[in-house]
>>> print(open('protein-v3.txt').read())   # compact mmCIF, C-alpha atoms
# COMPACT_ATOMS: atom_id res chain seq x y z
CA MET A 1 -127.81 111.77 51.10
CA ARG A 2 -124.38 113.15 50.39
CA LYS A 3 -123.98 115.11 47.12
CA LYS A 4 -121.95 113.33 44.48
CA THR A 5 -119.70 116.33 43.85
CA GLU A 6 -118.77 116.76 47.52
CA PHE A 7 -115.18 116.03 48.52
CA VAL A 8 -114.55 113.41 51.14
CA LYS A 9 -113.21 115.04 54.28
CA SER A 10 -110.26 113.70 56.20
CA ARG A 11 -110.60 112.43 59.76
CA HIS A 12 -109.04 115.62 61.06
CA GLN A 13 -111.29 117.88 58.97
CA LEU A 14 -114.34 116.04 60.29
CA TRP A 15 -113.10 116.49 63.79
CA GLN A 16 -112.50 120.21 63.15
CA ASP A 17 -116.11 120.41 61.91
CA THR A 18 -117.15 118.95 65.25
CA ILE A 19 -115.33 121.67 67.16
CA ASP A 20 -116.50 124.42 64.79
CA GLN A 21 -120.09 123.29 65.32
CA SER A 22 -119.55 122.96 69.03
CA ARG A 23 -118.10 126.46 69.54
CA LYS A 24 -121.36 127.99 68.28
CA ASP A 25 -123.20 126.18 71.04
CA PRO A 26 -123.62 128.31 74.19
CA ARG A 27 -122.78 125.19 76.22
CA TRP A 28 -119.22 125.53 74.90
CA HIS A 29 -118.46 127.62 78.02
CA ASP A 30 -120.45 125.52 80.50
CA TYR A 31 -117.50 124.09 82.40
CA ASP A 32 -115.09 127.02 82.16
CA CYS A 33 -115.51 128.12 85.77
CA ASP A 34 -115.32 124.54 87.04
CA ILE A 35 -112.16 123.86 85.06
CA LYS A 36 -110.54 127.11 86.23
CA ARG A 37 -111.32 126.26 89.85
CA ILE A 38 -110.09 122.67 89.55
CA VAL A 39 -106.84 123.62 87.81
CA ARG A 40 -106.27 126.34 90.43
CA GLU A 41 -106.73 123.70 93.19
CA PHE A 42 -104.09 121.46 91.62
CA ASN A 43 -101.70 124.29 90.80
CA GLN A 44 -101.84 125.58 94.38
CA HIS A 45 -101.58 122.14 95.95
CA LEU A 46 -98.63 120.98 93.86
CA SER A 47 -96.78 124.29 93.83
CA GLY A 48 -93.15 123.70 94.84
CA GLN A 49 -93.36 119.88 94.70
CA GLY A 50 -90.50 118.61 92.53
CA GLY A 51 -90.31 121.81 90.53
CA TYR A 52 -93.98 121.79 89.54
CA ARG A 53 -94.97 124.54 87.13
CA PRO A 54 -98.61 125.75 87.06
CA PHE A 55 -100.41 125.16 83.76
CA ASP A 56 -103.18 126.88 81.85
CA TRP A 57 -106.76 125.70 82.44
CA ARG A 58 -107.44 125.90 78.70
CA LEU A 59 -105.41 122.73 78.18
CA ILE A 60 -107.97 120.83 80.24
CA LYS A 61 -110.83 122.37 78.26
CA ALA A 62 -109.10 121.33 75.05
CA MET A 63 -108.74 117.79 76.37
CA ILE A 64 -112.38 117.62 77.36
CA TRP A 65 -113.55 118.65 73.91
CA THR A 66 -111.06 116.30 72.29
CA GLU A 67 -112.35 113.42 74.36
CA SER A 68 -116.06 114.11 74.33
CA GLY A 69 -116.78 115.55 70.90
CA GLY A 70 -117.64 119.01 72.11
CA ALA A 71 -120.45 120.96 73.64
CA GLY A 72 -123.93 119.59 73.21
CA GLN A 73 -122.91 115.92 73.18
CA SER A 74 -124.66 113.92 75.86
CA LEU A 75 -121.31 112.56 77.03
CA VAL A 76 -120.37 116.03 78.21
CA GLU A 77 -123.27 116.06 80.62
CA THR A 78 -122.00 113.03 82.51
CA GLN A 79 -118.41 112.19 81.69
CA PRO A 80 -116.75 115.11 79.92
CA TYR A 81 -113.34 113.58 80.56
CA ALA A 82 -111.92 110.32 79.35
CA ASP A 83 -113.20 107.90 81.92
CA ARG A 84 -115.01 105.81 79.40
CA LYS A 85 -113.01 102.67 79.72
CA SER A 86 -115.15 99.80 80.81
CA GLY A 87 -114.56 98.45 84.28
CA ARG A 88 -112.80 100.31 87.03
CA PRO A 89 -111.91 103.89 86.23
CA TRP A 90 -108.32 104.37 85.16
CA PHE A 91 -107.42 106.62 88.07
CA ALA A 92 -108.45 104.00 90.64
CA ARG A 93 -106.69 100.99 89.12
CA PRO A 94 -104.14 99.64 91.60
CA ALA A 95 -101.81 98.48 88.81
CA ILE A 96 -101.39 102.05 87.63
CA ARG A 97 -100.76 103.29 91.14
CA ARG A 98 -98.17 100.60 91.80
CA ARG A 99 -96.33 101.29 88.60
CA ARG A 100 -96.53 105.06 88.63
CA GLY A 101 -96.49 105.82 92.33
CA LYS A 102 -99.21 107.20 94.50
CA PHE A 103 -100.34 110.61 93.40
CA ASP A 104 -100.78 113.18 96.13
CA SER A 105 -104.10 114.83 95.26
CA PRO A 106 -105.47 117.93 96.96
CA PRO A 107 -106.88 116.78 100.34
CA GLU A 108 -110.48 117.70 99.54
CA LEU A 109 -110.34 115.66 96.36
CA ALA A 110 -108.85 112.64 98.10
CA LYS A 111 -111.76 112.72 100.57
CA THR A 112 -114.59 113.13 98.10
CA LEU A 113 -113.58 111.40 94.86
CA THR A 114 -115.11 107.98 94.31
CA GLU A 115 -115.34 105.67 91.31
CA SER A 116 -119.05 106.25 91.21
CA ASN A 117 -119.09 110.05 91.28
CA ALA A 118 -116.23 110.24 88.79
CA ARG A 119 -118.54 108.44 86.38
CA SER A 120 -121.68 110.40 87.10
CA THR A 121 -120.73 113.93 88.19
CA PRO A 122 -119.04 116.06 85.51
CA GLN A 123 -117.05 118.16 87.98
CA MET A 124 -115.70 115.09 89.79
CA ASN A 125 -114.99 113.48 86.45
CA ILE A 126 -112.91 116.52 85.46
CA ARG A 127 -111.04 116.38 88.78
CA ALA A 128 -110.31 112.66 88.36
CA GLY A 129 -109.12 113.17 84.80
CA THR A 130 -106.89 116.08 85.77
CA ALA A 131 -105.40 114.05 88.64
CA TYR A 132 -104.70 111.18 86.25
CA LEU A 133 -103.10 113.51 83.70
CA LEU A 134 -100.79 114.95 86.35
CA MET A 135 -99.93 111.50 87.63
CA ARG A 136 -98.88 110.55 84.10
CA LEU A 137 -96.73 113.69 83.88
CA ALA A 138 -95.05 113.22 87.26
CA ARG A 139 -91.65 111.55 87.37
CA PHE A 140 -91.33 109.31 90.38
CA ASN A 141 -88.24 108.09 92.20
CA THR A 142 -88.20 105.36 94.80
CA VAL A 143 -86.49 106.73 97.88
CA SER A 144 -85.98 105.70 101.49
CA VAL A 145 -88.19 107.74 103.79
CA ILE A 146 -87.38 107.76 107.50
CA GLU A 147 -90.20 108.06 110.03
CA VAL A 148 -89.18 111.37 111.54
CA LEU A 149 -90.96 110.82 114.86
CA ASP A 150 -89.29 107.47 115.47
CA SER A 151 -86.35 107.39 117.91
CA VAL A 152 -83.02 105.68 117.16
CA HIS A 153 -82.94 101.97 118.02
CA THR A 154 -79.99 99.58 118.20
CA ILE A 155 -79.69 95.97 117.15
CA GLU A 156 -76.91 93.42 117.51
CA VAL A 157 -75.66 91.76 114.36
CA ARG A 158 -75.87 87.96 114.38
CA ARG A 159 -74.12 85.36 112.29
CA GLY A 160 -75.57 85.25 108.77
CA ASP A 161 -77.13 88.73 108.95
CA THR A 162 -77.05 91.03 105.96
CA LEU A 163 -78.14 94.65 105.76
CA SER A 164 -81.20 93.74 103.71
CA LYS A 165 -82.19 90.99 106.16
CA ILE A 166 -81.79 93.35 109.13
CA ALA A 167 -83.75 96.05 107.30
CA ARG A 168 -86.56 93.66 106.41
CA THR A 169 -86.94 92.22 109.91
CA ASN A 170 -86.79 95.60 111.65
CA GLY A 171 -89.06 97.73 109.45
CA THR A 172 -86.32 99.90 108.05
CA THR A 173 -84.32 100.21 104.84
CA VAL A 174 -80.77 99.39 103.74
CA GLU A 175 -80.28 103.08 102.90
CA THR A 176 -81.23 104.12 106.44
CA LEU A 177 -78.91 101.52 107.99
CA LYS A 178 -76.03 102.72 105.81
CA ALA A 179 -76.73 106.36 106.61
CA LEU A 180 -76.82 105.79 110.39
CA ASN A 181 -73.85 103.40 110.49
CA ARG A 182 -71.25 104.93 108.18
CA GLU A 183 -68.40 103.33 110.10
CA ALA A 184 -69.80 99.78 109.64
CA VAL A 185 -68.13 98.89 106.34
CA ALA A 186 -68.42 95.12 106.91
CA LEU A 187 -70.81 93.31 109.25
CA SER A 188 -69.52 91.03 111.95
CA PRO A 189 -71.37 89.17 114.72
CA GLY A 190 -71.74 91.27 117.89
CA MET A 191 -71.57 94.59 116.08
CA MET A 192 -74.22 97.08 117.24
CA LEU A 193 -76.13 98.91 114.50
CA LYS A 194 -78.34 101.97 114.84
CA PHE A 195 -81.60 102.18 112.92
CA LYS A 196 -84.85 104.13 112.64
CA LYS A 197 -88.09 102.91 111.13
CA ALA A 198 -88.16 103.68 107.41
CA ALA A 199 -89.77 102.51 104.18
CA MET A 200 -89.13 102.73 100.45
CA ARG A 201 -91.66 105.06 98.83
CA LYS A 202 -92.23 106.44 95.38
CA MET A 203 -91.90 110.21 95.54
CA ILE A 204 -92.35 112.89 92.90
CA ALA A 205 -88.88 113.77 91.62
CA GLY A 206 -89.95 116.10 88.83
CA TRP A 207 -92.57 116.89 86.24
CA ASP A 208 -92.90 116.86 82.51
CA GLN A 209 -94.27 120.22 81.48
CA VAL A 210 -97.98 120.20 80.62
CA THR A 211 -97.93 120.79 76.87
CA THR A 212 -100.08 119.43 74.07
CA SER A 213 -97.34 117.11 72.83
CA ARG A 214 -96.64 115.77 76.35
CA ILE A 215 -100.36 115.20 76.96
CA ALA A 216 -100.57 113.34 73.65
CA GLN A 217 -97.58 111.19 74.66
CA ARG A 218 -98.35 110.47 78.29
CA TYR A 219 -102.12 110.66 78.71
CA ASN A 220 -103.42 109.56 75.34
CA VAL A 221 -103.26 105.89 74.43
CA GLY A 222 -103.58 105.55 70.70
CA ASP A 223 -105.06 108.60 68.98
CA PRO A 224 -102.35 109.72 66.54
CA GLY A 225 -104.04 113.08 66.02
CA TYR A 226 -104.35 113.94 69.71
CA ALA A 227 -101.82 116.81 69.88
CA GLY A 228 -103.21 118.31 66.67
CA LYS A 229 -106.72 118.21 68.08
CA LEU A 230 -105.61 119.91 71.30
CA ASN A 231 -103.78 122.59 69.31
CA TYR A 232 -106.86 123.20 67.17
CA CYS A 233 -109.04 123.62 70.28
CA LEU A 234 -106.52 126.02 71.81
CA ALA A 235 -106.42 128.07 68.62
CA VAL A 236 -110.22 128.27 68.60
CA MET A 237 -110.23 129.39 72.23
CA LYS A 238 -107.56 132.01 71.61
CA ASN A 239 -109.80 133.69 69.05
CA GLN A 240 -112.78 133.78 71.38
CA SER A 241 -113.68 136.40 73.91
CA GLU A 242 -113.55 135.39 77.56
CA VAL A 243 -116.71 134.34 79.30
CA ALA A 244 -118.23 136.22 82.20
CA PRO A 245 -116.08 136.17 85.35
CA CYS A 246 -116.54 133.19 87.64
CA ALA A 247 -117.84 133.42 91.18
CA ALA A 248 -115.06 133.12 93.75
CA MET B 1 -129.85 84.51 32.45
CA ARG B 2 -131.92 87.63 32.21
CA CYS B 3 -134.24 86.18 34.79
CA LEU B 4 -131.31 85.61 37.14
CA ARG B 5 -130.16 89.20 36.67
CA ILE B 6 -133.63 90.48 37.48
CA ILE B 7 -133.75 88.34 40.63
CA ALA B 8 -130.27 89.51 41.68
CA ALA B 9 -131.18 93.14 41.05
CA ALA B 10 -134.42 92.75 42.95
CA THR B 11 -132.59 91.14 45.88
CA LEU B 12 -130.01 93.95 45.94
CA ALA B 13 -132.71 96.61 45.73
CA SER B 14 -134.66 94.93 48.47
CA ALA B 15 -131.58 94.80 50.73
CA THR B 16 -130.80 98.45 50.02
CA LEU B 17 -134.37 99.51 50.66
CA GLY B 18 -134.36 97.44 53.83
CA ALA B 19 -131.28 99.21 55.10
CA VAL B 20 -132.62 102.62 54.18
CA ALA B 21 -135.95 101.78 55.77
CA GLN B 22 -134.03 101.02 58.94
CA GLY B 23 -132.66 104.53 58.66
CA LEU B 24 -128.93 103.96 58.44
CA PRO B 25 -127.55 103.45 54.95
CA LEU B 26 -125.02 100.64 55.04
CA PRO B 27 -122.15 100.11 55.05
CA ALA B 28 -121.46 102.83 57.60
CA ARG B 29 -118.00 103.68 58.88
CA PHE B 30 -117.21 105.84 61.91
CA GLN B 31 -114.07 107.12 63.57
CA GLY B 32 -113.57 107.57 67.32
CA THR B 33 -111.50 110.21 69.06
CA GLY B 34 -109.42 110.46 72.21
CA ARG B 35 -107.73 108.29 74.79
CA ALA B 36 -110.25 105.50 75.16
CA CYS B 37 -112.19 105.88 71.93
CA ASP B 38 -109.74 106.22 69.08
CA GLY B 39 -110.55 103.51 66.56
CA GLU B 40 -113.39 102.66 64.24
CA LEU B 41 -116.92 101.35 64.15
CA VAL B 42 -117.92 99.68 60.91
CA ILE B 43 -121.45 98.45 60.30
CA GLN B 44 -121.95 96.24 57.27
CA ARG B 45 -125.10 94.47 56.20
CA GLN B 46 -124.05 91.25 57.89
CA THR B 47 -121.42 92.24 60.41
CA ILE B 48 -120.43 94.91 62.88
CA LEU B 49 -116.91 95.77 64.06
CA TRP B 50 -115.90 98.16 66.84
CA SER B 51 -112.27 98.65 67.73
CA THR B 52 -110.89 100.92 70.47
CA PRO B 53 -107.64 100.89 72.47
CA PHE B 54 -109.28 98.91 75.29
CA SER B 55 -111.74 96.68 73.47
CA VAL B 56 -111.54 94.97 70.10
CA CYS B 57 -114.79 93.60 68.71
CA LYS B 58 -113.88 91.93 65.44
CA ALA B 59 -116.44 91.69 62.67
CA ALA B 60 -119.35 89.68 64.06
CA SER B 61 -122.88 89.03 62.94
CA TYR B 62 -125.61 90.99 64.66
CA LYS B 63 -129.29 91.67 64.94
CA LEU B 64 -130.85 95.10 64.86
CA GLN B 65 -132.43 95.14 68.31
CA ASP B 66 -133.96 98.61 68.38
CA HIS B 67 -134.40 101.47 66.01
CA ASP B 68 -135.87 104.82 66.89
CA GLY B 69 -135.61 107.45 64.21
CA ASN B 70 -138.65 109.50 65.11
CA THR B 71 -137.12 111.90 67.57
CA GLY B 72 -134.34 114.45 67.15
CA LEU B 73 -131.94 111.78 68.34
CA ALA B 74 -131.93 108.79 66.01
CA ARG B 75 -130.90 105.54 67.68
CA TYR B 76 -129.85 102.19 66.24
CA THR B 77 -129.12 99.36 68.65
CA TYR B 78 -127.37 96.19 67.57
CA ARG B 79 -126.95 92.98 69.50
CA LEU B 80 -123.88 90.95 68.64
CA ASP B 81 -124.49 87.27 68.06
CA GLN B 82 -121.21 86.33 69.73
CA THR B 83 -118.22 88.08 71.27
CA THR B 84 -114.66 87.20 72.20
CA SER B 85 -112.79 87.96 75.42
CA ALA B 86 -111.13 90.95 73.72
CA CYS B 87 -114.56 92.45 73.04
CA ARG B 88 -116.19 93.95 76.09
CA TYR B 89 -119.64 94.55 74.62
CA ARG B 90 -122.68 92.52 73.64
CA VAL B 91 -124.90 95.45 72.71
CA ILE B 92 -123.83 98.46 70.67
CA SER B 93 -126.12 101.46 70.51
CA LEU B 94 -125.46 104.21 67.99
CA THR B 95 -127.11 107.63 68.09
CA HIS B 96 -127.07 110.69 65.90
CA ASP B 97 -128.04 114.19 66.91
CA GLY B 98 -130.43 115.26 64.16
CA ASN B 99 -129.49 118.92 64.68
CA LYS B 100 -125.99 118.27 63.39
CA PRO B 101 -124.71 117.46 59.90
CA GLU B 102 -124.68 113.79 58.98
CA ASP B 103 -120.87 113.56 59.23
CA ILE B 104 -120.65 114.62 62.86
CA GLY B 105 -122.63 114.39 66.09
CA TRP B 106 -122.58 110.58 66.38
CA GLU B 107 -122.20 108.72 69.64
CA VAL B 108 -121.82 105.03 70.35
CA THR B 109 -122.38 103.23 73.64
CA GLY B 110 -121.28 99.68 74.31
CA TYR B 111 -123.01 97.56 76.96
CA GLY B 112 -121.28 94.50 78.36
CA ASP B 113 -124.57 93.00 79.46
CA PRO B 114 -127.82 93.23 77.48
CA LYS B 115 -129.59 93.82 80.81
CA SER B 116 -127.61 97.06 81.25
CA TYR B 117 -128.96 98.23 77.91
CA GLU B 118 -132.51 97.39 78.93
CA GLN B 119 -132.07 99.24 82.23
CA ASP B 120 -130.56 102.25 80.48
CA LYS B 121 -133.40 102.22 77.97
CA ALA B 122 -136.04 101.96 80.71
CA ALA B 123 -134.45 104.97 82.45
CA GLY B 124 -134.55 107.00 79.22
CA PHE B 125 -130.86 106.63 78.39
CA PRO B 126 -129.42 108.93 81.07
CA ASN B 127 -125.91 107.81 80.05
CA ALA B 128 -125.15 107.35 83.73
CA GLY B 129 -122.03 105.31 83.11
CA THR B 130 -122.58 101.94 84.72
CA PRO B 131 -119.34 99.95 84.95
CA ASP B 132 -119.98 97.78 81.89
CA MET B 133 -120.82 100.73 79.64
CA MET B 134 -118.56 102.83 77.51
CA SER B 135 -119.60 105.74 75.29
CA CYS B 136 -117.61 107.41 72.55
CA TYR B 137 -118.05 110.36 70.25
CA LEU B 138 -117.78 109.48 66.55
CA THR B 139 -117.54 111.14 63.19
CA ARG B 140 -118.81 109.37 60.11
CA THR B 141 -116.18 108.75 57.49
CA TYR B 142 -116.29 107.65 53.90
CA SER B 143 -113.54 105.35 52.78
CA GLN B 144 -113.94 106.06 49.07
CA ARG B 145 -114.27 109.28 47.20
CA PRO B 146 -117.78 109.47 45.74
CA ARG B 147 -118.09 109.39 41.97
CA ARG B 148 -118.38 112.73 40.25
>>> encode(input="protein-v3.txt", output="structure tokens")
Amino acid sequence: MRKKTEFVKSRHQLWQDTIDQSRKDPRWHDYDCDIKRIVREFNQHLSGQGGYRPFDWRLIKAMIWTESGGAGQSLVETQPYADRKSGRPWFARPAIRRRRGKFDSPPELAKTLTESNARSTPQMNIRAGTAYLLMRLARFNTVSVIEVLDSVHTIEVRRGDTLSKIARTNGTTVETLKALNREAVALSPGMMLKFKKAAMRKMIAGWDQVTTSRIAQRYNVGDPGYAGKLNYCLAVMKNQSEVAPCAA
Amino acid sequence: MRCLRIIAAATLASATLGAVAQGLPLPARFQGTGRACDGELVIQRQTILWSTPFSVCKAASYKLQDHDGNTGLARYTYRLDQTTSACRYRVISLTHDGNKPEDIGWEVTGYGDPKSYEQDKAAGFPNAGTPDMMSCYLTRTYSQRPRR
């Protein structure tokens, strides 16, 4: 039983106790090499895309401890990351993909990641969570993308045609039609238009920098103390010595 | 009147002893952390409530389905008498790591289907994450400052 003279701790103090207890556990470092490797994969793969800036692997470790309650919890052994929403994992939900745009994961990850192994294999769970985080931090634009290998076709304008109707029926986009037919200010029957196959796609236009406040805003759903928890984890890690080097 | 007081006191004592005998002094209040688990779990003598960003189980009556306090990992499993569409779980299983202080080291798992709980139990609770399960880390909180 709790002593009568003991002060009641705040939510945040209790959570700090969790981390303080956890850091004494040798399992605190268990995933360090995995996280370093996974973050390196993403940093290398996304380098140069939309001004992507590599981020520190410790942010992912801080997220994992914030989500799972720290080393030694049974959650860490299966789902260290945040895929604990019932039903389909968040990263695989089509609604998110439609709204946010398709995230271009490293090719190896795209081949091997499944809903099942993201729930049962810690390393895959960390990969899925990291991919989801980056998808939330990417800024997408919808742009017209021309099929580069397609040759230029022509089509005759008929009565009642509009650019959007021509684009829709010929597998191209209004933007492509305008770009290839700059002289065609107004359509008239008999006019010949050039086109190439094209489609509207969501592309990465830029990135929000991976910081604790951005993670709290874009990844987190409702935990008001999220950024503070991440910052506490990072401060704890800063005061710790590095673990043994990881195998290449 | 005195007789009534004695009966009331005896009833209260009996309820308290019952709760303590079950291992988890009630009411018990817990706080979740993180993206999917921020929220609270509140277990009262008659009702249980578990609220997270993706599932809201309002206070509902329950039965204590299982209790195992003999190992290092104490477990209390509650079966809700009824749920709503906003509540994804029928069975709520709460564990505490006996190696940690009583405020921290709690974990709760919700099961959408009681059969999932039985399967998980039969497998020794591997926490394998079947689709209708969700687990969260919790800290135990106290809403009122204890008397000095």
>>> closest_residue(input="protein-v3.txt", among="A:Glu115, A:Glu183, A:Asp30, A:Asp56", to="chain B", atoms="only C-alpha atoms")
A:Glu115
>>> interface_residues(input="protein-v3.txt", of="chain B", to="chain A", cutoff="9 Å", atoms="all atoms listed in the file", output="count of residues only")
47
>>> residues_around(input="protein-v3.txt", residues="stretch 37-46 of chain A", least_positions_apart="6", cutoff="12 Å", atoms="all atoms listed in the file", output="count of residues only")
42
>>> residues_around(input="protein-v3.txt", residues="B:Trp50", least_positions_apart="4", cutoff="10 Å", atoms="only C-alpha atoms", output="list in words")
Arg29, Phe30, Gln31, Gly32, Cys37, Gly39, Glu40, Leu41, Val42, Ile43, Ser55, Val56, Cys57, Lys58, Ala59, Ala60, Cys87, Tyr89, Ile92, Val108 and Gly110 of chain B
>>> residues_around(input="protein-v3.txt", residues="A:Asp161", least_positions_apart="6", cutoff="9 Å", atoms="all atoms listed in the file", output="PyMOL selection string")
chain A and resi 187-189
>>> write_last_selection(input="protein-v3.txt", atoms="C-alpha atoms", output="PDB file, keeping the file's coordinate frame")
ATOM      1  CA  LEU A 187     -70.810  93.310 109.250  1.00  0.00           C
ATOM      2  CA  SER A 188     -69.520  91.030 111.950  1.00  0.00           C
ATOM      3  CA  PRO A 189     -71.370  89.170 114.720  1.00  0.00           C
TER       4      PRO A 189
END
>>> atom_distance(input="protein-v3.txt", atom1="atom CA of B:Ser93", atom2="atom CA of B:Tyr78")
6.2 Å
>>> residues_around(input="protein-v3.txt", residues="A:Ser241", least_positions_apart="5", cutoff="12 Å", atoms="only C-alpha atoms", output="list in words")
Arg23, His29 and Val236 of chain A
>>> residues_around(input="protein-v3.txt", residues="A:Val157", least_positions_apart="3", cutoff="12 Å", atoms="all atoms listed in the file", output="PyMOL selection string")
chain A and resi 154+160-163+165-167+184+186-194
>>> build_atoms(input="protein-v3.txt", residues="stretch 69-92 of chain B", atoms="N, CA and C atoms", output="compact mmCIF listing (two decimals), keeping the file's coordinate frame")
# COMPACT_ATOMS: atom_id res chain seq x y z
N GLY B 69 -136.04 106.31 65.03
CA GLY B 69 -135.61 107.45 64.21
C GLY B 69 -136.62 108.58 64.23
N ASN B 70 -137.56 108.53 65.14
CA ASN B 70 -138.65 109.50 65.11
C ASN B 70 -138.38 110.77 65.90
N THR B 71 -137.40 110.72 66.76
CA THR B 71 -137.12 111.90 67.57
C THR B 71 -135.93 112.64 66.98
N GLY B 72 -135.51 113.71 67.63
CA GLY B 72 -134.34 114.45 67.15
C GLY B 72 -133.07 113.64 67.26
N LEU B 73 -133.12 112.63 68.14
CA LEU B 73 -131.94 111.78 68.34
C LEU B 73 -132.25 110.39 67.77
N ALA B 74 -131.69 110.11 66.61
CA ALA B 74 -131.93 108.79 66.01
C ALA B 74 -131.08 107.76 66.74
N ARG B 75 -131.65 106.58 66.97
CA ARG B 75 -130.90 105.54 67.68
C ARG B 75 -131.02 104.20 66.96
N TYR B 76 -129.89 103.52 66.84
CA TYR B 76 -129.85 102.19 66.24
C TYR B 76 -129.12 101.28 67.22
N THR B 77 -129.75 100.24 67.66
CA THR B 77 -129.12 99.36 68.65
C THR B 77 -128.93 97.97 68.06
N TYR B 78 -127.71 97.48 68.15
CA TYR B 78 -127.37 96.19 67.57
C TYR B 78 -126.94 95.23 68.67
N ARG B 79 -127.39 94.01 68.56
CA ARG B 79 -126.95 92.98 69.50
C ARG B 79 -126.04 91.99 68.77
N LEU B 80 -124.83 91.86 69.29
CA LEU B 80 -123.88 90.95 68.64
C LEU B 80 -124.29 89.50 68.90
N ASP B 81 -124.14 88.68 67.88
CA ASP B 81 -124.49 87.27 68.06
C ASP B 81 -123.48 86.54 68.94
N GLN B 82 -122.20 86.91 68.82
CA GLN B 82 -121.21 86.33 69.73
C GLN B 82 -120.07 87.33 69.90
N THR B 83 -119.36 87.20 71.03
CA THR B 83 -118.22 88.08 71.27
C THR B 83 -117.03 87.24 71.71
N THR B 84 -115.87 87.88 71.70
CA THR B 84 -114.66 87.20 72.20
C THR B 84 -114.25 87.89 73.50
N SER B 85 -113.22 87.36 74.15
CA SER B 85 -112.79 87.96 75.42
C SER B 85 -112.21 89.35 75.20
N ALA B 86 -111.70 89.63 74.00
CA ALA B 86 -111.13 90.95 73.72
C ALA B 86 -112.22 92.00 73.50
N CYS B 87 -113.44 91.54 73.30
CA CYS B 87 -114.56 92.45 73.04
C CYS B 87 -115.40 92.56 74.31
N ARG B 88 -115.51 93.77 74.80
CA ARG B 88 -116.19 93.95 76.09
C ARG B 88 -117.70 94.09 75.96
N TYR B 89 -118.23 94.16 74.76
CA TYR B 89 -119.64 94.55 74.62
C TYR B 89 -120.48 93.52 73.87
N ARG B 90 -121.72 93.38 74.33
CA ARG B 90 -122.68 92.52 73.64
C ARG B 90 -123.70 93.36 72.87
N VAL B 91 -123.92 94.57 73.36
CA VAL B 91 -124.90 95.45 72.71
C VAL B 91 -124.21 96.76 72.35
N ILE B 92 -124.44 97.21 71.14
CA ILE B 92 -123.83 98.46 70.67
C ILE B 92 -124.95 99.38 70.20
